[in-house]
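Source file: upload-v4.txt. Holds: compact mmCIF, C-alpha atoms.
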```
# COMPACT_ATOMS: atom_id res chain seq x y z
CA MET A 23 50.19 -12.26 -98.54
CA GLU A 24 49.51 -11.89 -102.23
CA THR A 25 46.07 -11.81 -103.85
CA LEU A 26 45.71 -12.86 -107.48
CA SER A 27 42.53 -12.68 -109.56
CA TYR A 28 41.81 -14.25 -112.93
CA SER A 29 38.71 -14.26 -115.09
CA HIS A 30 38.29 -16.57 -118.07
CA GLN A 31 35.58 -17.41 -120.57
CA ALA A 32 34.88 -21.14 -120.42
CA ALA A 33 33.60 -23.16 -123.35
CA ARG A 34 30.65 -24.71 -121.45
CA PRO A 35 28.86 -24.25 -118.13
CA ALA A 36 29.80 -26.61 -115.34
CA ALA A 37 27.44 -29.57 -115.07
CA GLY A 38 25.14 -30.29 -112.13
CA THR A 39 23.12 -27.96 -109.92
CA LYS A 40 24.96 -27.87 -106.59
CA ALA A 41 25.55 -24.31 -105.43
CA ILE A 42 28.77 -24.84 -103.52
CA ALA A 43 31.56 -27.29 -102.68
CA LEU A 44 34.74 -27.18 -100.65
CA VAL A 45 37.84 -29.32 -101.10
CA GLY A 46 41.28 -29.42 -99.54
CA VAL A 47 42.72 -27.83 -96.43
CA VAL A 48 45.08 -24.96 -95.69
CA ALA A 49 48.22 -26.76 -94.61
CA SER A 50 51.84 -26.77 -95.69
CA GLY A 51 52.02 -27.70 -99.39
CA ASN A 52 48.24 -27.88 -99.58
CA LEU A 53 45.35 -25.52 -100.33
CA GLU A 54 41.59 -25.25 -100.01
CA VAL A 55 39.28 -24.43 -102.89
CA LEU A 56 35.80 -23.06 -102.28
CA VAL A 57 33.75 -23.29 -105.46
CA GLU A 58 30.45 -21.45 -105.89
CA ARG A 59 28.05 -21.37 -108.84
CA VAL A 60 27.76 -17.59 -108.93
CA ALA A 61 29.74 -16.33 -111.94
CA PRO A 62 27.75 -14.76 -114.81
CA GLY A 63 27.26 -16.80 -117.98
CA ASN A 64 30.21 -18.99 -118.81
CA ARG A 65 32.69 -16.84 -116.95
CA CYS A 66 35.05 -18.57 -114.54
CA GLU A 67 36.52 -16.39 -111.80
CA VAL A 68 39.47 -17.50 -109.71
CA GLU A 69 40.75 -15.61 -106.67
CA ILE A 70 43.88 -16.76 -104.88
CA HIS A 71 45.23 -15.76 -101.48
CA THR A 72 48.75 -17.07 -101.04
CA ALA A 73 51.61 -16.54 -98.63
CA ALA A 74 54.10 -17.50 -101.34
CA ALA A 75 54.44 -14.18 -103.19
CA GLY A 76 55.94 -13.85 -106.65
CA PHE A 77 54.48 -16.89 -108.40
CA GLY A 78 51.83 -15.03 -110.41
CA ALA A 79 53.05 -16.37 -113.76
CA VAL A 80 52.83 -19.98 -112.55
CA TRP A 81 49.32 -19.43 -111.14
CA GLU A 82 48.22 -17.80 -114.38
CA ALA A 83 49.41 -20.80 -116.41
CA VAL A 84 47.86 -23.37 -114.05
CA VAL A 85 44.50 -21.55 -114.00
CA ALA A 86 44.42 -21.14 -117.80
CA ASP A 87 45.17 -24.84 -118.24
CA PHE A 88 42.45 -25.71 -115.71
CA VAL A 89 39.79 -23.63 -117.53
CA GLU A 90 40.79 -25.27 -120.81
CA ARG A 91 40.58 -28.81 -119.39
CA CYS A 92 37.54 -28.59 -117.06
CA SER A 93 35.41 -25.89 -118.70
CA PRO A 94 34.16 -24.52 -115.36
CA GLY A 95 31.63 -22.01 -116.77
CA GLY A 96 29.60 -20.11 -114.16
CA LEU A 97 31.91 -20.97 -111.28
CA ARG A 98 33.82 -18.78 -108.88
CA LEU A 99 36.75 -20.53 -107.25
CA SER A 100 38.27 -19.00 -104.12
CA ILE A 101 41.60 -20.35 -102.95
CA ASN A 102 43.46 -20.16 -99.65
CA ASP A 103 46.93 -21.43 -100.43
CA GLY A 104 49.42 -22.95 -98.04
CA GLY A 105 52.28 -23.03 -100.55
CA ALA A 106 51.02 -25.88 -102.73
CA ARG A 107 53.00 -27.00 -105.79
CA PRO A 108 51.43 -26.45 -109.22
CA ASP A 109 50.55 -30.14 -109.64
CA THR A 110 48.71 -30.14 -106.30
CA VAL A 111 46.88 -26.96 -107.31
CA ALA A 112 45.82 -28.49 -110.63
CA LEU A 113 44.47 -31.61 -108.88
CA ARG A 114 42.57 -29.57 -106.28
CA LEU A 115 40.99 -27.35 -108.96
CA ALA A 116 39.83 -30.42 -110.90
CA GLN A 117 38.60 -31.99 -107.64
CA ALA A 118 36.59 -28.84 -106.81
CA VAL A 119 34.78 -28.93 -110.15
CA ARG A 120 34.15 -32.65 -109.77
CA ALA A 121 32.67 -32.00 -106.31
CA ILE A 122 30.25 -29.28 -107.48
CA GLU A 123 29.29 -31.40 -110.52
CA GLU A 124 28.61 -34.39 -108.26
CA ASP A 125 24.86 -34.40 -108.89
CA ALA A 126 25.23 -34.19 -112.67
CA PRO A 127 23.60 -37.08 -114.56
CA MET B 7 21.25 -31.06 -96.33
CA SER B 8 24.74 -29.78 -95.93
CA ALA B 9 25.56 -26.75 -98.01
CA VAL B 10 29.18 -27.72 -98.34
CA ASP B 11 30.15 -31.14 -99.44
CA THR B 12 32.78 -33.45 -98.12
CA PRO B 13 35.63 -33.80 -100.56
CA PHE B 14 35.52 -35.70 -103.78
CA ALA B 15 33.32 -38.64 -104.62
CA ALA B 16 32.19 -40.76 -101.68
CA PRO B 17 32.75 -39.31 -98.22
CA ALA B 18 34.50 -41.50 -95.69
CA GLY B 19 32.19 -44.37 -94.76
CA LEU B 20 31.44 -45.62 -91.27
CA GLN B 21 34.33 -48.10 -91.38
CA ALA B 22 36.80 -45.40 -92.37
CA SER B 23 39.57 -44.36 -90.01
CA TRP B 24 38.60 -41.47 -87.73
CA TYR B 25 42.26 -40.47 -87.53
CA GLU B 26 42.62 -40.17 -91.29
CA ALA B 27 39.30 -38.41 -91.95
CA SER B 28 38.85 -34.66 -92.23
CA ALA B 29 36.57 -32.75 -89.85
CA ARG B 30 33.83 -32.67 -92.50
CA GLN B 31 34.20 -36.36 -93.33
CA ARG B 32 33.92 -37.23 -89.63
CA ILE B 33 30.69 -35.24 -89.26
CA ALA B 34 29.17 -36.60 -92.47
CA ALA B 35 29.79 -40.24 -91.52
CA LEU B 36 29.13 -39.86 -87.77
CA LEU B 37 25.67 -38.33 -88.15
CA ASP B 38 22.67 -39.81 -89.94
CA ALA B 39 23.09 -39.59 -93.71
CA ALA B 40 22.66 -36.10 -95.17
CA SER B 41 21.31 -34.74 -91.86
CA PHE B 42 24.05 -32.19 -91.21
CA GLU B 43 23.22 -28.51 -91.59
CA GLU B 44 26.17 -26.18 -91.09
CA PHE B 45 26.07 -22.83 -89.26
CA ILE B 46 28.37 -20.07 -90.55
CA GLY B 47 29.65 -22.20 -93.43
CA PRO B 48 32.82 -21.47 -95.38
CA GLU B 49 30.87 -19.50 -97.99
CA GLN B 50 30.36 -16.82 -95.33
CA ARG B 51 34.15 -16.44 -95.11
CA GLU B 52 34.30 -15.85 -91.37
CA GLN B 53 38.05 -16.14 -91.40
CA SER B 54 40.66 -15.20 -88.83
CA PRO B 55 41.24 -11.42 -88.83
CA HIS B 56 44.71 -11.94 -87.32
CA LEU B 57 46.61 -14.38 -89.51
CA ALA B 58 47.21 -11.93 -92.38
CA LEU B 59 49.29 -9.81 -89.96
CA PHE B 60 51.71 -12.73 -89.78
CA ASP B 61 51.61 -13.30 -93.53
CA LEU B 62 49.79 -16.58 -92.97
CA PRO B 63 46.89 -17.88 -95.07
CA ALA B 64 43.46 -18.12 -93.46
CA GLN B 65 40.90 -20.91 -93.90
CA PHE B 66 37.31 -20.16 -94.86
CA ASP B 67 35.86 -21.98 -91.83
CA ASP B 68 38.83 -21.13 -89.53
CA GLY B 69 39.26 -24.85 -88.89
CA MET B 70 35.98 -25.19 -86.96
CA VAL B 71 32.84 -26.75 -88.44
CA VAL B 72 29.64 -26.26 -86.39
CA GLY B 73 26.04 -27.14 -87.06
CA ARG B 74 23.17 -29.43 -86.28
CA GLY B 75 22.13 -32.85 -87.45
CA ARG B 76 20.71 -36.15 -86.30
CA LEU B 77 22.33 -39.06 -84.51
CA ASP B 78 20.20 -42.20 -84.70
CA GLY B 79 17.21 -39.94 -85.34
CA ARG B 80 17.89 -37.63 -82.40
CA ALA B 81 18.60 -33.93 -82.98
CA VAL B 82 22.15 -33.03 -81.92
CA LEU B 83 24.48 -30.06 -82.19
CA VAL B 84 27.97 -30.85 -83.38
CA ALA B 85 31.35 -29.11 -83.61
CA ALA B 86 34.43 -30.52 -85.34
CA GLN B 87 37.97 -29.19 -85.43
CA GLU B 88 40.14 -29.59 -88.55
CA GLY B 89 43.45 -30.75 -87.10
CA ARG B 90 45.37 -30.22 -90.31
CA PHE B 91 44.74 -26.46 -90.36
CA MET B 92 47.19 -24.89 -87.88
CA GLY B 93 47.05 -28.06 -85.77
CA GLY B 94 43.36 -27.46 -85.05
CA ALA B 95 44.37 -24.57 -82.84
CA PHE B 96 41.88 -22.21 -81.19
CA GLY B 97 41.83 -18.68 -82.60
CA GLU B 98 39.23 -15.97 -82.15
CA VAL B 99 36.73 -17.10 -84.80
CA HIS B 100 37.42 -20.82 -84.24
CA GLY B 101 36.62 -20.39 -80.54
CA ALA B 102 33.65 -18.07 -81.03
CA LYS B 103 31.92 -20.63 -83.26
CA LEU B 104 32.09 -23.25 -80.50
CA THR B 105 31.03 -20.74 -77.83
CA GLY B 106 28.00 -19.80 -79.93
CA LEU B 107 27.06 -23.43 -80.47
CA LEU B 108 27.25 -24.20 -76.73
CA ARG B 109 25.16 -21.11 -75.88
CA ALA B 110 22.57 -22.22 -78.43
CA ALA B 111 22.59 -25.65 -76.75
CA ARG B 112 22.08 -24.00 -73.35
CA ASP B 113 19.18 -21.88 -74.61
CA ALA B 114 17.49 -24.74 -76.46
CA GLY B 115 18.02 -27.14 -73.55
CA SER B 116 16.92 -30.11 -75.62
CA MET B 117 19.80 -30.95 -77.95
CA PRO B 118 22.99 -32.65 -76.74
CA VAL B 119 26.35 -31.51 -78.12
CA LEU B 120 29.13 -33.55 -79.68
CA ILE B 121 32.60 -31.97 -79.81
CA LEU B 122 35.02 -33.68 -82.20
CA PHE B 123 38.34 -32.52 -80.74
CA ASP B 124 41.47 -32.31 -82.91
CA THR B 125 43.68 -29.60 -81.48
CA GLY B 126 47.11 -28.65 -80.23
CA GLY B 127 45.60 -25.90 -78.08
CA VAL B 128 45.57 -22.13 -78.50
CA ARG B 129 46.79 -20.60 -81.77
CA LEU B 130 49.92 -18.67 -80.81
CA GLN B 131 49.42 -15.98 -83.49
CA GLU B 132 46.20 -14.92 -81.76
CA ALA B 133 47.01 -16.14 -78.29
CA ASN B 134 45.07 -13.60 -76.23
CA ALA B 135 41.92 -14.05 -78.31
CA GLY B 136 42.43 -17.82 -78.23
CA GLU B 137 42.90 -17.97 -74.44
CA LEU B 138 39.80 -15.81 -73.96
CA GLY B 139 38.01 -18.16 -76.34
CA ILE B 140 38.96 -21.19 -74.20
CA ALA B 141 37.58 -19.45 -71.09
CA GLU B 142 34.35 -18.49 -72.88
CA ILE B 143 33.92 -22.03 -74.21
CA MET B 144 34.43 -23.59 -70.78
CA ARG B 145 31.85 -21.22 -69.27
CA ALA B 146 29.38 -21.84 -72.10
CA LEU B 147 29.93 -25.60 -71.83
CA LEU B 148 29.28 -25.65 -68.09
CA GLU B 149 26.23 -23.40 -68.51
CA ALA B 150 24.90 -25.82 -71.11
CA ARG B 151 25.50 -28.77 -68.77
CA ALA B 152 23.82 -26.86 -65.93
CA ALA B 153 20.81 -26.44 -68.23
CA GLY B 154 20.64 -30.22 -68.56
CA VAL B 155 22.50 -30.58 -71.86
CA ALA B 156 24.88 -33.52 -72.28
CA VAL B 157 28.19 -32.56 -73.92
CA VAL B 158 30.22 -35.49 -75.20
CA GLY B 159 33.79 -35.17 -76.49
CA LEU B 160 35.29 -37.49 -79.10
CA ILE B 161 39.10 -37.61 -79.32
CA GLY B 162 40.94 -39.46 -82.06
CA GLY B 163 42.48 -36.95 -84.46
CA ARG B 164 45.99 -36.27 -85.69
CA ALA B 165 46.54 -33.28 -83.43
CA GLY B 166 45.19 -35.09 -80.35
CA CYS B 167 43.58 -32.91 -77.70
CA TYR B 168 46.10 -30.64 -76.02
CA GLY B 169 46.36 -27.34 -74.20
CA GLY B 170 43.11 -25.42 -73.86
CA GLY B 171 41.37 -28.19 -75.79
CA SER B 172 42.17 -30.60 -72.97
CA LEU B 173 40.68 -28.18 -70.44
CA ILE B 174 37.47 -28.03 -72.47
CA ALA B 175 37.48 -31.83 -72.72
CA GLY B 176 37.82 -31.96 -68.94
CA CYS B 177 34.52 -30.04 -68.64
CA CYS B 178 32.55 -32.49 -70.81
CA SER B 179 29.89 -34.87 -69.53
CA ALA B 180 31.79 -37.80 -71.00
CA LEU B 181 34.69 -38.55 -73.35
CA ALA B 182 35.52 -41.27 -75.86
CA ILE B 183 39.06 -41.78 -77.15
CA SER B 184 40.91 -44.02 -79.57
CA GLU B 185 44.47 -45.22 -79.19
CA GLN B 186 45.60 -42.51 -81.62
CA GLY B 187 43.79 -39.80 -79.68
CA ARG B 188 46.09 -38.18 -77.16
CA LEU B 189 44.80 -36.12 -74.26
CA ALA B 190 47.08 -33.92 -72.15
CA VAL B 191 47.49 -30.28 -71.16
CA SER B 192 51.12 -29.89 -72.27
CA GLY B 193 52.35 -31.65 -75.39
CA PRO B 194 55.56 -33.70 -75.51
CA GLU B 195 57.71 -30.95 -77.04
CA VAL B 196 56.38 -28.36 -74.61
CA ILE B 197 57.37 -30.50 -71.62
CA GLU B 198 60.79 -31.29 -73.04
CA THR B 199 61.45 -27.63 -73.88
CA ASN B 200 60.47 -26.41 -70.44
CA ARG B 201 61.77 -29.21 -68.22
CA GLY B 202 64.52 -30.87 -70.22
CA VAL B 203 64.92 -34.16 -72.00
CA ASP B 204 65.51 -36.01 -68.73
CA GLU B 205 61.99 -35.10 -67.67
CA PHE B 206 60.35 -36.07 -70.95
CA ASP B 207 61.94 -37.23 -74.20
CA ALA B 208 59.52 -36.05 -76.88
CA ARG B 209 61.23 -38.25 -79.48
CA ASP B 210 60.48 -41.38 -77.47
CA ARG B 211 57.19 -42.20 -79.22
CA ALA B 212 56.44 -45.17 -76.95
CA LEU B 213 56.76 -42.83 -73.94
CA VAL B 214 54.48 -40.26 -75.60
CA TRP B 215 51.79 -42.83 -76.41
CA ARG B 216 51.81 -44.55 -73.04
CA THR B 217 51.75 -41.21 -71.20
CA MET B 218 49.20 -39.31 -73.28
CA GLY B 219 47.56 -41.92 -75.51
CA GLY B 220 44.03 -43.24 -75.31
CA LYS B 221 44.83 -46.46 -73.45
CA HIS B 222 46.49 -44.65 -70.57
CA ARG B 223 43.70 -42.10 -70.35
CA ARG B 224 41.18 -44.91 -70.19
CA LEU B 225 43.05 -46.81 -67.46
CA LEU B 226 43.37 -43.57 -65.48
CA GLY B 227 39.61 -43.06 -65.64
CA ALA B 228 40.07 -39.76 -67.49
CA VAL B 229 37.87 -40.92 -70.36
CA ASP B 230 34.75 -43.06 -70.28
CA ALA B 231 35.13 -45.14 -73.41
CA PHE B 232 38.01 -46.51 -75.46
CA VAL B 233 37.15 -47.17 -79.08
CA ASP B 234 38.78 -48.61 -82.16
CA ASP B 235 39.89 -46.09 -84.78
CA SER B 236 36.78 -46.09 -86.95
CA ILE B 237 33.94 -43.61 -87.39
CA ALA B 238 31.49 -46.43 -86.62
CA ALA B 239 33.13 -47.08 -83.25
CA PHE B 240 32.98 -43.40 -82.32
CA ARG B 241 29.33 -43.27 -83.37
CA ALA B 242 28.47 -46.27 -81.20
CA ALA B 243 30.35 -44.79 -78.25
CA ALA B 244 28.68 -41.38 -78.68
CA LEU B 245 25.24 -42.99 -78.54
CA VAL B 246 26.07 -44.87 -75.32
CA LEU B 247 27.71 -41.86 -73.65
CA LEU B 248 24.83 -39.52 -74.54
CA GLU B 249 22.40 -42.01 -73.07
CA ASN B 250 24.33 -42.29 -69.80
CA ALA B 251 25.57 -38.72 -69.34
CA PRO B 252 25.65 -37.79 -65.65
CA ALA B 253 23.58 -34.95 -64.25
CA PHE B 254 25.58 -31.77 -63.59
CA ASP B 255 24.84 -31.18 -59.94
CA ALA B 256 26.55 -30.97 -56.55
CA ARG B 257 26.50 -34.74 -56.16
CA THR B 258 28.34 -35.31 -59.44
CA LEU B 259 30.88 -32.61 -58.62
CA GLU B 260 31.52 -34.10 -55.18
CA ALA B 261 31.96 -37.52 -56.76
CA GLU B 262 34.40 -35.99 -59.26
CA GLN B 263 36.39 -34.35 -56.48
CA ALA B 264 36.51 -37.68 -54.62
CA ARG B 265 37.56 -39.47 -57.82
CA LEU B 266 40.43 -37.07 -58.44
CA GLU B 267 41.62 -37.27 -54.82
CA ARG B 268 41.53 -41.05 -55.01
CA ARG B 269 43.44 -41.00 -58.28
CA LEU B 270 46.16 -38.83 -56.78
CA ARG B 271 46.37 -41.09 -53.74
CA ASP B 272 46.52 -44.29 -55.79
CA PHE B 273 48.84 -43.14 -58.56
CA GLY B 274 50.55 -39.97 -57.32
CA ASP B 275 53.85 -41.72 -56.68
CA CYS B 276 53.98 -43.54 -60.02
CA ALA B 277 56.93 -42.48 -62.20
CA ASP B 278 55.63 -44.06 -65.43
CA ALA B 279 52.33 -45.09 -66.98
CA LEU B 280 53.38 -48.75 -66.57
CA ASP B 281 53.43 -48.21 -62.80
CA VAL B 282 49.96 -46.67 -62.99
CA TRP B 283 48.58 -49.67 -64.87
CA LYS B 284 50.13 -52.09 -62.35
CA ALA B 285 48.69 -50.07 -59.46
CA ALA B 286 45.30 -50.12 -61.22
CA GLY B 287 45.44 -53.92 -61.07
CA VAL B 288 46.48 -54.76 -64.63
CA ALA B 289 48.31 -58.09 -64.34
CA ASP B 290 50.53 -57.76 -67.42
CA ALA B 291 51.06 -54.01 -67.79
CA GLY B 292 53.82 -54.49 -70.37
CA ALA B 293 51.33 -56.06 -72.78
CA VAL B 294 48.97 -53.07 -72.81
CA PRO B 295 50.60 -50.97 -75.57
CA GLY B 296 50.51 -53.83 -78.09
CA MET B 297 47.03 -55.03 -77.17
CA PRO B 298 44.36 -54.94 -79.93
CA ALA B 299 41.41 -52.63 -79.29
CA ALA B 300 38.86 -55.35 -78.48
CA ALA B 301 41.14 -57.03 -75.93
CA PHE B 302 42.00 -53.68 -74.36
CA ILE B 303 38.33 -52.66 -74.10
CA ALA B 304 37.63 -55.94 -72.27
CA LEU B 305 40.58 -55.33 -69.96
CA ALA B 306 39.49 -51.76 -69.19
CA ASP B 307 35.94 -52.89 -68.51
CA GLN B 308 37.28 -55.39 -65.94
CA THR B 309 39.49 -52.82 -64.24
CA ARG B 310 37.43 -51.90 -61.20
CA SER B 311 39.58 -49.01 -60.05
CA ILE B 312 38.56 -46.80 -62.96
CA ARG B 313 34.81 -47.15 -62.45
CA HIS B 314 33.11 -44.06 -61.17
CA ASP B 315 29.87 -42.12 -61.28
CA ALA B 316 31.56 -38.75 -61.46
CA ARG B 317 32.52 -36.29 -64.24
```

Here is a file; write its structure as structure tokens.
Amino acid sequence: METLSYSHQAARPAAGTKAIALVGVVASGNLEVLVERVAPGNRCEVEIHTAAAGFGAVWEAVVADFVERCSPGGLRLSINDGGARPDTVALRLAQAVRAIEEDAP
Amino acid sequence: MSAVDTPFAAPAGLQASWYEASARQRIAALLDAASFEEFIGPEQREQSPHLALFDLPAQFDDGMVVGRGRLDGRAVLVAAQEGRFMGGAFGEVHGAKLTGLLRAARDAGSMPVLILFDTGGVRLQEANAGELGIAEIMRALLEARAAGVAVVGLIGGRAGCYGGGSLIAGCCSALAISEQGRLAVSGPEVIETNRGVDEFDARDRALVWRTMGGKHRRLLGAVDAFVDDSIAAFRAAALVLLENAPAFDARTLEAEQARLERRLRDFGDCADALDVWKAAGVADAGAVPGMPAAAFIALADQTRSIRHDAR
């Protein structure tokens, strides 16, 4: 197992007030993302546990792109990965932010 | 209010497929709206302590969602297995969450329990802990029933209800199943591996469905309700089964023993499910697999041989 951690400064805080959301499932080619509104300020913290070791550079690029697109300030995203492809990861990350922003006006 | 939301936008509605829904979607749509309150949610990260040894990823809820909510206004405890995570298999944490829920039901004595099965059985990577978990769950379930708590099992997920899960199902007050829900101790591949393809051809899907599928289990009397594959149908069945759950006493157990002896006598010589259905009095047994749910439910309700007051 490999553990990867990233911390980014987002442009804006995530919308809404929900404290937590969970999307996805740990299955082959899939992943689960637990998102919690606990990061300080506009920080966005991402921690990844994956059985597919050696893909740190790809994760780093996908996470940086996600922070740029979704501006998930104040969120901590915790990932259990079942060997998902980068496009699946990007969709799940966006889905997680959408889920925790659900109550936004 | 649930701390953890069902995925993305609208959760599965009542008309959604039970088979296709996730464990959390099933709970959210089965119970009264926004009534579910989870115990030991994923944010507590009670994950399997064993999977990392095998270089396997864990899941935050270990594939078991437990909590309380309301069903038609009535307080209930509920447990749901996520069949997509390791086939819904029982590991140490997964099992302990269900054991704890059933013990809480026993101690409270006032809230029935719904178990949403979706499991291939014990998780092989933590087999000893999983097998112990099955034993603990069965004991806790029977203690809850002895305390007057109805425990109803709902079976209609991708993984079916196999192995230790089927033993737990066998302890329930009542069971509902859909055509997609399969209920058996050994799965198709397990039988073929151990006894050979002549005994059971796991690739013969028609054989698998008519031997382990919901229709056969209903015509055998092993389950008490056959439902269409929708969350609404499972909800309706759960309400009826909770209302009519048998007492857990010597009389019920004697009736169950008599039912099983009668079943062995009536069907023990049957080589195939089709023979069972004929012996049960179904006129056109060959038509059963293709029969729509409503027609099959009517047929099963007319089949006198499966009526009983046991369980």

List every residue of region 38-57 of chain A that has an atom at most 7 Å from any atom of region 99-105 of chain A, giving for each one its closest atom pair and the distance in Å to one decimal, counting all atoms listed in the file, sorted by chain and then by ascending residue number, as a tab-separated table.
```
residue	atom	partner	partner_atom	distance
A:Val48	CA	A:Gly104	CA	5.3
A:Ala49	CA	A:Gly104	CA	5.3
A:Ser50	CA	A:Gly104	CA	5.1
A:Gly51	CA	A:Gly105	CA	4.8
A:Asn52	CA	A:Gly104	CA	5.3
A:Leu53	CA	A:Asp103	CA	4.4
A:Glu54	CA	A:Asn102	CA	5.4
A:Val55	CA	A:Ile101	CA	4.7
A:Leu56	CA	A:Ser100	CA	5.1
A:Val57	CA	A:Leu99	CA	4.5
```

Select all residues from chain A having any atom no more than 7 Å from an atom of chain B (counting only C-alpha atoms, ignoring ligands), output as a short mmCIF file (atom, residue, chain, number, x, y, z; two decimals) with C-alpha atoms, in the frame of the given file.
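Final output, selection.cif:
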```cif
data_model
loop_
_atom_site.label_atom_id
_atom_site.label_comp_id
_atom_site.auth_asym_id
_atom_site.auth_seq_id
_atom_site.Cartn_x
_atom_site.Cartn_y
_atom_site.Cartn_z
CA MET A 23 50.19 -12.26 -98.54
CA ILE A 42 28.77 -24.84 -103.52
CA ALA A 43 31.56 -27.29 -102.68
CA LEU A 44 34.74 -27.18 -100.65
CA VAL A 45 37.84 -29.32 -101.10
CA VAL A 47 42.72 -27.83 -96.43
CA VAL A 48 45.08 -24.96 -95.69
CA ALA A 49 48.22 -26.76 -94.61
CA HIS A 71 45.23 -15.76 -101.48
CA THR A 72 48.75 -17.07 -101.04
CA ALA A 73 51.61 -16.54 -98.63
CA ASN A 102 43.46 -20.16 -99.65
CA ASP A 103 46.93 -21.43 -100.43
CA GLY A 104 49.42 -22.95 -98.04
CA GLN A 117 38.60 -31.99 -107.64
CA ARG A 120 34.15 -32.65 -109.77
CA ALA A 121 32.67 -32.00 -106.31
#
```

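Across the structure, CA of Thr25 (chain A) and CA of Ala75 (chain A) are spaced 8.7 Å apart.
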
Could you jot down the CA of Ile303 (chain B) to CA of Phe240 (chain B) separation for me, Å, one decimal place?
13.5 Å

What is the distance between CA of Phe96 (chain B) and CA of Arg112 (chain B), in Å to one decimal?
21.4 Å

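Counting all atoms listed in the file, the residue from B:Gly106, B:Pro194, B:Gly227, B:Gly97 that sits nearest to Ala133 (chain B) is B:Gly97.
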
Slice of the block: region 77-89 of chain A, C-alpha atoms, as a PDB file, in the first residue's frame:
```pdb
ATOM      1  CA  PHE A  77       1.712   6.496  -9.589  1.00  0.00           C
ATOM      2  CA  GLY A  78       2.519   9.501  -7.398  1.00  0.00           C
ATOM      3  CA  ALA A  79       3.165  11.822 -10.349  1.00  0.00           C
ATOM      4  CA  VAL A  80      -0.227  11.015 -11.902  1.00  0.00           C
ATOM      5  CA  TRP A  81      -2.025  11.550  -8.573  1.00  0.00           C
ATOM      6  CA  GLU A  82      -0.220  14.845  -8.076  1.00  0.00           C
ATOM      7  CA  ALA A  83      -1.343  16.092 -11.496  1.00  0.00           C
ATOM      8  CA  VAL A  84      -4.957  14.928 -11.048  1.00  0.00           C
ATOM      9  CA  VAL A  85      -5.217  16.519  -7.584  1.00  0.00           C
ATOM     10  CA  ALA A  86      -3.679  19.831  -8.747  1.00  0.00           C
ATOM     11  CA  ASP A  87      -6.108  19.948 -11.669  1.00  0.00           C
ATOM     12  CA  PHE A  88      -9.013  19.182  -9.320  1.00  0.00           C
ATOM     13  CA  VAL A  89      -8.101  22.017  -6.908  1.00  0.00           C
TER      14      VAL A  89
END
```
